[in-house]
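Data file: start.pdb. Format and content: PDB, C-alpha atoms and all ligand atoms.
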MODEL        1
ATOM      1  CA  MET A   1      38.474  34.605 203.678  1.00  0.00           C
ATOM      2  CA  ASN A   2      35.492  33.990 205.917  1.00  0.00           C
ATOM      3  CA  ILE A   3      35.727  30.249 206.488  1.00  0.00           C
ATOM      4  CA  LEU A   4      32.896  28.234 208.009  1.00  0.00           C
ATOM      5  CA  ILE A   5      33.972  24.922 209.537  1.00  0.00           C
ATOM      6  CA  THR A   6      31.859  22.204 211.172  1.00  0.00           C
ATOM      7  CA  ALA A   7      33.275  19.661 213.610  1.00  0.00           C
ATOM      8  CA  GLY A   8      32.356  16.763 215.879  1.00  0.00           C
ATOM      9  CA  GLY A   9      29.688  14.094 215.865  1.00  0.00           C
ATOM     10  CA  THR A  10      26.076  15.220 216.115  1.00  0.00           C
ATOM     11  CA  ARG A  11      23.702  13.825 218.732  1.00  0.00           C
ATOM     12  CA  GLU A  12      20.272  12.607 217.708  1.00  0.00           C
ATOM     13  CA  TYR A  13      18.077  12.425 220.782  1.00  0.00           C
ATOM     14  CA  ILE A  14      15.866   9.441 221.569  1.00  0.00           C
ATOM     15  CA  ASP A  15      14.612  11.033 224.806  1.00  0.00           C
ATOM     16  CA  PRO A  16      15.930  13.915 226.972  1.00  0.00           C
ATOM     17  CA  VAL A  17      18.960  11.931 228.188  1.00  0.00           C
ATOM     18  CA  ARG A  18      19.704   9.388 225.464  1.00  0.00           C
ATOM     19  CA  PHE A  19      21.016   9.929 221.993  1.00  0.00           C
ATOM     20  CA  ILE A  20      22.571   8.270 218.948  1.00  0.00           C
ATOM     21  CA  THR A  21      25.999   9.531 218.001  1.00  0.00           C
ATOM     22  CA  ASN A  22      29.287   8.332 216.479  1.00  0.00           C
ATOM     23  CA  ALA A  23      32.967   8.090 217.375  1.00  0.00           C
ATOM     24  CA  SER A  24      34.039  11.418 215.850  1.00  0.00           C
ATOM     25  CA  SER A  25      36.397  13.312 218.178  1.00  0.00           C
ATOM     26  CA  GLY A  26      36.225  16.653 216.356  1.00  0.00           C
ATOM     27  CA  LYS A  27      40.027  16.740 216.048  1.00  0.00           C
ATOM     28  CA  MET A  28      40.070  17.290 212.265  1.00  0.00           C
ATOM     29  CA  GLY A  29      37.585  20.161 212.351  1.00  0.00           C
ATOM     30  CA  TYR A  30      39.378  21.863 215.249  1.00  0.00           C
ATOM     31  CA  ALA A  31      42.763  21.413 213.500  1.00  0.00           C
ATOM     32  CA  LEU A  32      41.236  23.023 210.390  1.00  0.00           C
ATOM     33  CA  ALA A  33      39.961  25.968 212.446  1.00  0.00           C
ATOM     34  CA  ARG A  34      43.429  26.485 213.971  1.00  0.00           C
ATOM     35  CA  ALA A  35      45.182  26.168 210.577  1.00  0.00           C
ATOM     36  CA  ALA A  36      42.782  28.655 208.989  1.00  0.00           C
ATOM     37  CA  ILE A  37      43.268  31.165 211.808  1.00  0.00           C
ATOM     38  CA  ARG A  38      47.067  30.775 211.566  1.00  0.00           C
ATOM     39  CA  ALA A  39      46.817  31.486 207.822  1.00  0.00           C
ATOM     40  CA  GLY A  40      45.001  34.757 208.590  1.00  0.00           C
ATOM     41  CA  HIS A  41      41.396  33.771 207.851  1.00  0.00           C
ATOM     42  CA  LYS A  42      38.257  34.637 209.837  1.00  0.00           C
ATOM     43  CA  VAL A  43      36.760  31.425 211.186  1.00  0.00           C
ATOM     44  CA  ILE A  44      33.322  30.434 212.413  1.00  0.00           C
ATOM     45  CA  LEU A  45      33.447  26.971 213.980  1.00  0.00           C
ATOM     46  CA  ILE A  46      30.108  25.193 214.309  1.00  0.00           C
ATOM     47  CA  THR A  47      30.809  22.415 216.755  1.00  0.00           C
ATOM     48  CA  ALA A  48      28.898  19.420 218.017  1.00  0.00           C
ATOM     49  CA  PRO A  49      29.944  18.375 221.564  1.00  0.00           C
ATOM     50  CA  THR A  50      33.650  17.400 221.832  1.00  0.00           C
ATOM     51  CA  LYS A  51      36.199  17.119 224.630  1.00  0.00           C
ATOM     52  CA  LEU A  52      38.575  19.515 222.844  1.00  0.00           C
ATOM     53  CA  ARG A  53      39.786  22.963 223.852  1.00  0.00           C
ATOM     54  CA  LYS A  54      38.075  25.565 221.670  1.00  0.00           C
ATOM     55  CA  PRO A  55      40.275  27.663 219.371  1.00  0.00           C
ATOM     56  CA  THR A  56      40.129  31.115 221.032  1.00  0.00           C
ATOM     57  CA  GLU A  57      40.269  33.215 217.869  1.00  0.00           C
ATOM     58  CA  ALA A  58      37.350  31.488 216.151  1.00  0.00           C
ATOM     59  CA  LYS A  59      33.716  32.459 216.622  1.00  0.00           C
ATOM     60  CA  ILE A  60      32.249  29.352 218.216  1.00  0.00           C
ATOM     61  CA  VAL A  61      28.693  28.172 217.557  1.00  0.00           C
ATOM     62  CA  GLU A  62      27.799  25.212 219.774  1.00  0.00           C
ATOM     63  CA  VAL A  63      25.180  22.762 218.556  1.00  0.00           C
ATOM     64  CA  LYS A  64      24.112  19.257 219.520  1.00  0.00           C
ATOM     65  CA  THR A  65      21.859  17.824 216.817  1.00  0.00           C
ATOM     66  CA  SER A  66      22.128  17.634 213.027  1.00  0.00           C
ATOM     67  CA  ALA A  67      19.043  19.876 212.801  1.00  0.00           C
ATOM     68  CA  GLN A  68      20.764  22.556 214.921  1.00  0.00           C
ATOM     69  CA  MET A  69      23.936  22.204 212.823  1.00  0.00           C
ATOM     70  CA  PHE A  70      21.867  22.620 209.654  1.00  0.00           C
ATOM     71  CA  ASP A  71      20.239  25.800 211.027  1.00  0.00           C
ATOM     72  CA  ALA A  72      23.667  27.227 211.944  1.00  0.00           C
ATOM     73  CA  VAL A  73      25.107  26.396 208.489  1.00  0.00           C
ATOM     74  CA  LYS A  74      22.088  27.979 206.765  1.00  0.00           C
ATOM     75  CA  LYS A  75      22.610  31.117 208.855  1.00  0.00           C
ATOM     76  CA  HIS A  76      26.358  31.522 208.230  1.00  0.00           C
ATOM     77  CA  PHE A  77      26.918  29.973 204.787  1.00  0.00           C
ATOM     78  CA  PRO A  78      25.672  32.938 202.705  1.00  0.00           C
ATOM     79  CA  LYS A  79      28.421  35.204 204.104  1.00  0.00           C
ATOM     80  CA  SER A  80      31.184  32.563 203.946  1.00  0.00           C
ATOM     81  CA  LYS A  81      33.697  32.225 201.150  1.00  0.00           C
ATOM     82  CA  CYS A  82      34.361  28.607 202.074  1.00  0.00           C
ATOM     83  CA  LEU A  83      32.492  25.866 203.960  1.00  0.00           C
ATOM     84  CA  ILE A  84      34.417  22.851 205.226  1.00  0.00           C
ATOM     85  CA  MET A  85      32.114  20.102 206.520  1.00  0.00           C
ATOM     86  CA  ALA A  86      34.403  18.120 208.807  1.00  0.00           C
ATOM     87  CA  ALA A  87      31.556  17.187 211.154  1.00  0.00           C
ATOM     88  CA  ALA A  88      30.361  13.611 211.334  1.00  0.00           C
ATOM     89  CA  VAL A  89      26.695  14.395 210.834  1.00  0.00           C
ATOM     90  CA  SER A  90      24.391  11.548 211.734  1.00  0.00           C
ATOM     91  CA  ASP A  91      22.640  10.171 208.658  1.00  0.00           C
ATOM     92  CA  TYR A  92      19.591   9.124 210.699  1.00  0.00           C
ATOM     93  CA  LYS A  93      17.667  10.364 213.704  1.00  0.00           C
ATOM     94  CA  PRO A  94      14.858   8.851 215.766  1.00  0.00           C
ATOM     95  CA  ALA A  95      11.559   9.306 213.935  1.00  0.00           C
ATOM     96  CA  LYS A  96      10.041  10.453 217.220  1.00  0.00           C
ATOM     97  CA  GLN A  97      11.784  11.985 220.238  1.00  0.00           C
ATOM     98  CA  SER A  98      10.158  11.144 223.559  1.00  0.00           C
ATOM     99  CA  LYS A  99       9.605  14.264 225.697  1.00  0.00           C
ATOM    100  CA  THR A 100      10.130  12.208 228.837  1.00  0.00           C
ATOM    101  CA  LYS A 101      12.743   9.602 229.756  1.00  0.00           C
ATOM    102  CA  ILE A 102      11.705   6.258 228.314  1.00  0.00           C
ATOM    103  CA  LYS A 103      10.878   3.762 231.059  1.00  0.00           C
ATOM    104  CA  LYS A 104      12.374   0.299 231.043  1.00  0.00           C
ATOM    105  CA  THR A 105       9.983  -2.578 230.370  1.00  0.00           C
ATOM    106  CA  ALA A 106      10.513  -6.284 229.796  1.00  0.00           C
ATOM    107  CA  ALA A 107       9.612  -5.937 226.103  1.00  0.00           C
ATOM    108  CA  GLU A 108      11.943  -5.318 223.170  1.00  0.00           C
ATOM    109  CA  LEU A 109      12.299  -1.678 222.297  1.00  0.00           C
ATOM    110  CA  ILE A 110      12.381  -0.793 218.620  1.00  0.00           C
ATOM    111  CA  ILE A 111      13.527   2.688 217.659  1.00  0.00           C
ATOM    112  CA  LYS A 112      12.452   3.835 214.220  1.00  0.00           C
ATOM    113  CA  LEU A 113      14.930   6.123 212.464  1.00  0.00           C
ATOM    114  CA  LYS A 114      14.412   8.626 209.681  1.00  0.00           C
ATOM    115  CA  PRO A 115      17.041  10.291 207.472  1.00  0.00           C
ATOM    116  CA  THR A 116      18.502  13.647 208.492  1.00  0.00           C
ATOM    117  CA  GLN A 117      19.135  16.522 206.113  1.00  0.00           C
ATOM    118  CA  ASP A 118      22.396  16.139 204.167  1.00  0.00           C
ATOM    119  CA  ILE A 119      23.876  19.542 205.014  1.00  0.00           C
ATOM    120  CA  LEU A 120      26.706  19.338 202.494  1.00  0.00           C
ATOM    121  CA  LYS A 121      24.315  18.418 199.701  1.00  0.00           C
ATOM    122  CA  TRP A 122      22.121  21.367 200.641  1.00  0.00           C
ATOM    123  CA  ALA A 123      25.179  23.665 200.501  1.00  0.00           C
ATOM    124  CA  GLY A 124      26.116  22.224 197.077  1.00  0.00           C
ATOM    125  CA  GLY A 125      22.672  23.171 195.795  1.00  0.00           C
ATOM    126  CA  HIS A 126      22.799  26.675 197.274  1.00  0.00           C
ATOM    127  CA  LYS A 127      26.393  27.757 196.698  1.00  0.00           C
ATOM    128  CA  LYS A 128      27.203  30.850 194.708  1.00  0.00           C
ATOM    129  CA  LYS A 129      29.845  30.643 191.968  1.00  0.00           C
ATOM    130  CA  ASN A 130      32.608  32.077 194.149  1.00  0.00           C
ATOM    131  CA  GLN A 131      31.989  29.865 197.184  1.00  0.00           C
ATOM    132  CA  VAL A 132      34.279  26.917 197.880  1.00  0.00           C
ATOM    133  CA  LEU A 133      32.748  23.731 199.253  1.00  0.00           C
ATOM    134  CA  VAL A 134      34.868  21.086 200.957  1.00  0.00           C
ATOM    135  CA  GLY A 135      33.598  17.742 202.170  1.00  0.00           C
ATOM    136  CA  PHE A 136      34.941  14.586 203.737  1.00  0.00           C
ATOM    137  CA  ALA A 137      34.219  11.020 202.726  1.00  0.00           C
ATOM    138  CA  LEU A 138      34.606   8.185 205.187  1.00  0.00           C
ATOM    139  CA  GLU A 139      34.675   4.900 203.327  1.00  0.00           C
ATOM    140  CA  ASP A 140      35.798   1.407 204.179  1.00  0.00           C
ATOM    141  CA  LYS A 141      35.818   0.192 200.596  1.00  0.00           C
ATOM    142  CA  ASP A 142      36.253   1.647 197.095  1.00  0.00           C
ATOM    143  CA  LEU A 143      37.604   4.741 198.830  1.00  0.00           C
ATOM    144  CA  LYS A 144      38.493   6.878 195.810  1.00  0.00           C
ATOM    145  CA  THR A 145      35.582   5.795 193.574  1.00  0.00           C
ATOM    146  CA  ASN A 146      32.980   6.438 196.283  1.00  0.00           C
ATOM    147  CA  SER A 147      34.597   9.738 197.237  1.00  0.00           C
ATOM    148  CA  GLU A 148      34.540  10.937 193.636  1.00  0.00           C
ATOM    149  CA  ILE A 149      30.820  10.140 193.545  1.00  0.00           C
ATOM    150  CA  LYS A 150      30.359  12.338 196.655  1.00  0.00           C
ATOM    151  CA  LEU A 151      32.447  15.100 195.029  1.00  0.00           C
ATOM    152  CA  ARG A 152      30.119  15.111 192.014  1.00  0.00           C
ATOM    153  CA  ASN A 153      26.782  14.460 193.711  1.00  0.00           C
ATOM    154  CA  LYS A 154      27.264  17.081 196.406  1.00  0.00           C
ATOM    155  CA  LYS A 155      28.831  19.594 193.946  1.00  0.00           C
ATOM    156  CA  LEU A 156      32.038  19.864 195.994  1.00  0.00           C
ATOM    157  CA  ASP A 157      35.210  21.713 195.057  1.00  0.00           C
ATOM    158  CA  MET A 158      37.345  19.386 197.175  1.00  0.00           C
ATOM    159  CA  VAL A 159      36.882  16.021 198.840  1.00  0.00           C
ATOM    160  CA  ILE A 160      39.057  14.480 201.543  1.00  0.00           C
ATOM    161  CA  ALA A 161      38.791  10.710 201.553  1.00  0.00           C
ATOM    162  CA  ASN A 162      39.697   8.713 204.622  1.00  0.00           C
ATOM    163  CA  GLN A 163      38.990   5.442 206.350  1.00  0.00           C
ATOM    164  CA  PRO A 164      37.290   4.603 209.663  1.00  0.00           C
ATOM    165  CA  THR A 165      40.736   4.127 211.290  1.00  0.00           C
ATOM    166  CA  ALA A 166      41.168   7.932 211.023  1.00  0.00           C
ATOM    167  CA  ILE A 167      38.391   8.472 213.546  1.00  0.00           C
ATOM    168  CA  GLU A 168      39.757   9.603 216.932  1.00  0.00           C
ATOM    169  CA  ALA A 169      43.351   9.046 215.683  1.00  0.00           C
ATOM    170  CA  ASN A 170      46.018  11.734 215.990  1.00  0.00           C
ATOM    171  CA  LYS A 171      47.738  10.746 212.743  1.00  0.00           C
ATOM    172  CA  SER A 172      45.979   9.549 209.622  1.00  0.00           C
ATOM    173  CA  THR A 173      46.336   8.891 205.908  1.00  0.00           C
ATOM    174  CA  VAL A 174      44.035  10.923 203.701  1.00  0.00           C
ATOM    175  CA  HIS A 175      43.562  11.289 199.959  1.00  0.00           C
ATOM    176  CA  ILE A 176      42.577  14.701 198.657  1.00  0.00           C
ATOM    177  CA  LYS A 177      41.003  15.546 195.323  1.00  0.00           C
ATOM    178  CA  THR A 178      39.892  18.904 193.996  1.00  0.00           C
ATOM    179  CA  LYS A 179      37.357  18.958 191.177  1.00  0.00           C
ATOM    180  CA  ASP A 180      39.971  19.699 188.502  1.00  0.00           C
ATOM    181  CA  THR A 181      43.052  17.818 189.723  1.00  0.00           C
ATOM    182  CA  GLY A 182      44.126  14.260 190.501  1.00  0.00           C
ATOM    183  CA  TRP A 183      44.456  12.603 193.875  1.00  0.00           C
ATOM    184  CA  VAL A 184      47.097  13.703 196.396  1.00  0.00           C
ATOM    185  CA  THR A 185      47.898  11.346 199.280  1.00  0.00           C
ATOM    186  CA  LEU A 186      49.102  12.512 202.696  1.00  0.00           C
ATOM    187  CA  SER A 187      50.460   9.434 204.461  1.00  0.00           C
ATOM    188  CA  ASN A 188      50.351   9.083 208.223  1.00  0.00           C
ATOM    189  CA  LYS A 189      50.357  12.833 208.879  1.00  0.00           C
ATOM    190  CA  SER A 190      49.216  14.678 211.968  1.00  0.00           C
ATOM    191  CA  LYS A 191      45.787  16.281 211.680  1.00  0.00           C
ATOM    192  CA  ALA A 192      47.526  19.696 212.038  1.00  0.00           C
ATOM    193  CA  MET A 193      49.661  18.978 208.937  1.00  0.00           C
ATOM    194  CA  THR A 194      46.676  17.685 206.965  1.00  0.00           C
ATOM    195  CA  ALA A 195      44.619  20.700 208.003  1.00  0.00           C
ATOM    196  CA  LYS A 196      47.329  23.108 206.842  1.00  0.00           C
ATOM    197  CA  LYS A 197      47.397  21.425 203.411  1.00  0.00           C
ATOM    198  CA  ILE A 198      43.593  21.509 203.085  1.00  0.00           C
ATOM    199  CA  ILE A 199      43.530  25.241 203.883  1.00  0.00           C
ATOM    200  CA  GLN A 200      46.282  25.886 201.309  1.00  0.00           C
ATOM    201  CA  LEU A 201      44.308  23.994 198.649  1.00  0.00           C
ATOM    202  CA  ALA A 202      41.121  25.860 199.575  1.00  0.00           C
ATOM    203  CA  GLU A 203      42.987  29.163 199.188  1.00  0.00           C
ATOM    204  CA  LYS A 204      43.996  28.145 195.638  1.00  0.00           C
ATOM    205  CA  LEU A 205      40.393  27.236 194.773  1.00  0.00           C
TER     206      LEU A 205
HETATM  207  N1  LIG A 301      27.338  15.206 205.710  1.00  0.00           N
HETATM  208  C1  LIG A 301      26.409  16.227 205.852  1.00  0.00           C
HETATM  209  N2  LIG A 301      25.146  15.930 206.302  1.00  0.00           N
HETATM  210  C2  LIG A 301      24.784  14.662 206.570  1.00  0.00           C
HETATM  211  C3  LIG A 301      25.731  13.605 206.412  1.00  0.00           C
HETATM  212  C4  LIG A 301      27.000  13.912 205.978  1.00  0.00           C
HETATM  213  O1  LIG A 301      26.722  17.399 205.594  1.00  0.00           O
HETATM  214  N3  LIG A 301      23.561  14.413 206.999  1.00  0.00           N
HETATM  215  C5  LIG A 301      28.682  15.540 205.211  1.00  0.00           C
HETATM  216  C6  LIG A 301      29.825  15.215 206.159  1.00  0.00           C
HETATM  217  O2  LIG A 301      30.116  16.320 206.977  1.00  0.00           O
HETATM  218  C7  LIG A 301      30.968  14.908 205.202  1.00  0.00           C
HETATM  219  C8  LIG A 301      30.263  14.363 203.965  1.00  0.00           C
HETATM  220  O3  LIG A 301      28.903  14.759 204.070  1.00  0.00           O
HETATM  221  O4  LIG A 301      31.682  16.068 204.841  1.00  0.00           O
HETATM  222  C9  LIG A 301      30.327  12.881 203.734  1.00  0.00           C
HETATM  223  O5  LIG A 301      29.923  12.156 204.843  1.00  0.00           O
HETATM  224  P1  LIG A 301      29.949  10.562 204.834  1.00  0.00           P
HETATM  225  O6  LIG A 301      29.403  10.076 206.132  1.00  0.00           O
HETATM  226  O7  LIG A 301      31.260  10.029 204.354  1.00  0.00           O
HETATM  227  O8  LIG A 301      28.973  10.205 203.673  1.00  0.00           O
HETATM  228  P2  LIG A 301      27.441  10.241 203.464  1.00  0.00           P
HETATM  229  O9  LIG A 301      27.150  11.311 202.459  1.00  0.00           O
HETATM  230  O10 LIG A 301      26.716  10.313 204.761  1.00  0.00           O
HETATM  231  O11 LIG A 301      27.178   8.855 202.702  1.00  0.00           O
HETATM  232  P3  LIG A 301      27.391   7.337 203.219  1.00  0.00           P
HETATM  233  O12 LIG A 301      27.156   7.336 204.697  1.00  0.00           O
HETATM  234  O13 LIG A 301      26.354   6.595 202.457  1.00  0.00           O
HETATM  235  O14 LIG A 301      28.778   6.947 202.804  1.00  0.00           O
ENDMDL
END

Written as structure tokens, how would this file's structure read?
Ligand code: CTP
Amino acid sequence: MNILITAGGTREYIDPVRFITNASSGKMGYALARAAIRAGHKVILITAPTKLRKPTEAKIVEVKTSAQMFDAVKKHFPKSKCLIMAAAVSDYKPAKQSKTKIKKTAAELIIKLKPTQDILKWAGGHKKKNQVLVGFALEDKDLKTNSEIKLRNKKLDMVIANQPTAIEANKSTVHIKTKDTGWVTLSNKSKAMTAKKIIQLAEKL
């Protein structure tokens, strides 16, 4: 399969040197890329900045902002059999980006934010019948209920639910649900093990 994977936390620039981001390390997305390659798939990895070594056999598309990630997904999604959105895409970005570095003053600085494009939701609305869409849900309460809402609202084929403690961790507990089956829990597994399982489930879908 041609598998498109996104990874890392996007940067939303306030000015040329400052940005809003999140604690995503990119480990899950990179583990997915490696697992998919090992299983014989062709992988395009769209990655926001991370400190990780890039998987050599994947085609790498480097992006910084959610807007750039959206453009890259729009470009590669039509030819992909499966899209796995492991990236932590910022939900908001500064309403205005200053072209020059913002100068310090004594006054309070208020930054107005506006919503970004929900890339996964866009993909759910544009997927062809034979395309498989996989999303993540990071929730600190009502984990399974909220994740099932995301599965339905974003028209996903599979959702991987996890908690904020999974961010940056090497091992994590995740709950996986495909649209037609019940929940499967992987307890305290390495991201490599979890990635292998997700790829196997995507193959079945
Ligand atoms: N996602 C996306 N585009 C966004 C935000 C999120 O494609 N602008 C994707 C993520 O890659 C992930 C999924 O949507 O696969 C769920 O992300 P999450 O942050 O858990 O949920 P949100 O949909 O942003 O909702 P909320 O923050 O309200 O829980």

First collect every listed atom of ligand LIG 301 (chain A); then fit an axis-aligned box around them, widen it by 4 Å on each side, and give centre and edge lengths in Å to one decimal, as JSON.
{"center_x": 27.6, "center_y": 12.0, "center_z": 204.7, "size_x": 16.1, "size_y": 18.8, "size_z": 12.5}

For segment 112-121 of chain A, find every residue with an atom within 7 Å (counting only C-alpha atoms), except residues of its own chain fewer than 2 positions away, and show them as an NGL selection string. :A and (70 or 85 or 91-95 or 110 or 123-125 or 154)

Considering all atoms listed in the file, can you say which of A:Val63, A:Leu4, A:Val73, A:Ala86 comes closest to ligand LIG 301 (chain A)? A:Ala86

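Among the candidates A:Ala23, A:Val159, A:Leu205, A:Ile3, the residue lying nearest to Val174 of chain A is A:Val159 (atoms considered: all atoms listed in the file).
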
Name the residues that the PyMOL selection byres (((chain A and resi 200) around 12) and not hetatm) picks from the file above, as a ChimeraX atom specification, using the file's chain letters and numbers. /A:1,32,35-36,38-41,158,178,193-199,201-205

Kindly save the residues from that selection, with C-alpha atoms included, as a PDB file, in the coordinates of the input.
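Result file follows (out-v2.pdb):
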ATOM      1  CA  MET A   1      38.474  34.605 203.678  1.00  0.00           C
ATOM      2  CA  LEU A  32      41.236  23.023 210.390  1.00  0.00           C
ATOM      3  CA  ALA A  35      45.182  26.168 210.577  1.00  0.00           C
ATOM      4  CA  ALA A  36      42.782  28.655 208.989  1.00  0.00           C
ATOM      5  CA  ARG A  38      47.067  30.775 211.566  1.00  0.00           C
ATOM      6  CA  ALA A  39      46.817  31.486 207.822  1.00  0.00           C
ATOM      7  CA  GLY A  40      45.001  34.757 208.590  1.00  0.00           C
ATOM      8  CA  HIS A  41      41.396  33.771 207.851  1.00  0.00           C
ATOM      9  CA  MET A 158      37.345  19.386 197.175  1.00  0.00           C
ATOM     10  CA  THR A 178      39.892  18.904 193.996  1.00  0.00           C
ATOM     11  CA  MET A 193      49.661  18.978 208.937  1.00  0.00           C
ATOM     12  CA  THR A 194      46.676  17.685 206.965  1.00  0.00           C
ATOM     13  CA  ALA A 195      44.619  20.700 208.003  1.00  0.00           C
ATOM     14  CA  LYS A 196      47.329  23.108 206.842  1.00  0.00           C
ATOM     15  CA  LYS A 197      47.397  21.425 203.411  1.00  0.00           C
ATOM     16  CA  ILE A 198      43.593  21.509 203.085  1.00  0.00           C
ATOM     17  CA  ILE A 199      43.530  25.241 203.883  1.00  0.00           C
ATOM     18  CA  LEU A 201      44.308  23.994 198.649  1.00  0.00           C
ATOM     19  CA  ALA A 202      41.121  25.860 199.575  1.00  0.00           C
ATOM     20  CA  GLU A 203      42.987  29.163 199.188  1.00  0.00           C
ATOM     21  CA  LYS A 204      43.996  28.145 195.638  1.00  0.00           C
ATOM     22  CA  LEU A 205      40.393  27.236 194.773  1.00  0.00           C
TER      23      LEU A 205
END

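Note that atom CA of Pro49 of chain A and atom CA of Leu156 of chain A are 25.7 Å apart.
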
Find the spatial neighbours of Glu62 of chain A, counting only C-alpha atoms, within a cut-off of 10 Å - ignore same-chain residues fewer than 5 positions away - and output them as a list in words.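 Contacts, in chain order: Thr6, Ala7, Leu45, Ile46, Thr47, Ala48, Pro49, Thr50, Gln68, Met69 and Ala72 of chain A.
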
Can you tell me, as number ranges by chain, what residues are no more than 7 Å from Asn162 of chain A when counting only C-alpha atoms, ignoring any on the same chain fewer than 6 positions away? A: 137-139, 173-175

Return the single residue from A:Asp142, A:His76, A:Ile167, A:Asp71 that is closest to Val43 of chain A, with distances computed using all atoms listed in the file. A:His76

May I ask for the distance between atom CA of Ala161 of chain A and atom CA of Leu133 of chain A, given in Å to one decimal place?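 Taking atom CA of Ala161 of chain A as the start and atom CA of Leu133 of chain A as the end point, the length is 14.5 Å.
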
To one decimal in Å, tell me the separation between atom CA of Lys81 of chain A and atom CA of Asn2 of chain A.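 Interatomic distance, atom CA of Lys81 of chain A to atom CA of Asn2 of chain A: 5.4 Å.
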
Looking at all atoms listed in the file, which of A:Asn130, A:Asn153, A:Asn188, A:Ser90 is the one that sits closest to ligand LIG 301 (chain A)? A:Ser90

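You can rank A:Lys179, A:Thr10, A:Val17, A:Ser172 by their closest distance to Ser98 of chain A using all atoms listed in the file, and at the top of that list sits A:Val17.
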
Closest of A:Thr100, A:Ser66, A:Ser25, A:Ser80 to ligand LIG 301 (chain A) - atom-to-atom distances counting all atoms listed in the file: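 Smallest distance to ligand LIG 301 (chain A) is found for A:Ser66.
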
Run the PyMOL selection byres (((chain A and resi 52) around 10) and not hetatm) on the file and write out the hits as a list of chain:residue names. A:Gly8, A:Ser25, A:Gly26, A:Lys27, A:Tyr30, A:Pro49, A:Thr50, A:Lys51, A:Arg53, A:Lys54, A:Pro55

Given the file shown, determine the residues that the PyMOL selection byres (((chain A and resi 99) around 12) and not hetatm) selects; report them as a PDB file with C-alpha atoms, in the frame of the given file.
ATOM      1  CA  TYR A  13      18.077  12.425 220.782  1.00  0.00           C
ATOM      2  CA  ILE A  14      15.866   9.441 221.569  1.00  0.00           C
ATOM      3  CA  ASP A  15      14.612  11.033 224.806  1.00  0.00           C
ATOM      4  CA  PRO A  16      15.930  13.915 226.972  1.00  0.00           C
ATOM      5  CA  VAL A  17      18.960  11.931 228.188  1.00  0.00           C
ATOM      6  CA  ARG A  18      19.704   9.388 225.464  1.00  0.00           C
ATOM      7  CA  LYS A  96      10.041  10.453 217.220  1.00  0.00           C
ATOM      8  CA  GLN A  97      11.784  11.985 220.238  1.00  0.00           C
ATOM      9  CA  SER A  98      10.158  11.144 223.559  1.00  0.00           C
ATOM     10  CA  THR A 100      10.130  12.208 228.837  1.00  0.00           C
ATOM     11  CA  LYS A 101      12.743   9.602 229.756  1.00  0.00           C
ATOM     12  CA  ILE A 102      11.705   6.258 228.314  1.00  0.00           C
ATOM     13  CA  LYS A 103      10.878   3.762 231.059  1.00  0.00           C
TER      14      LYS A 103
END
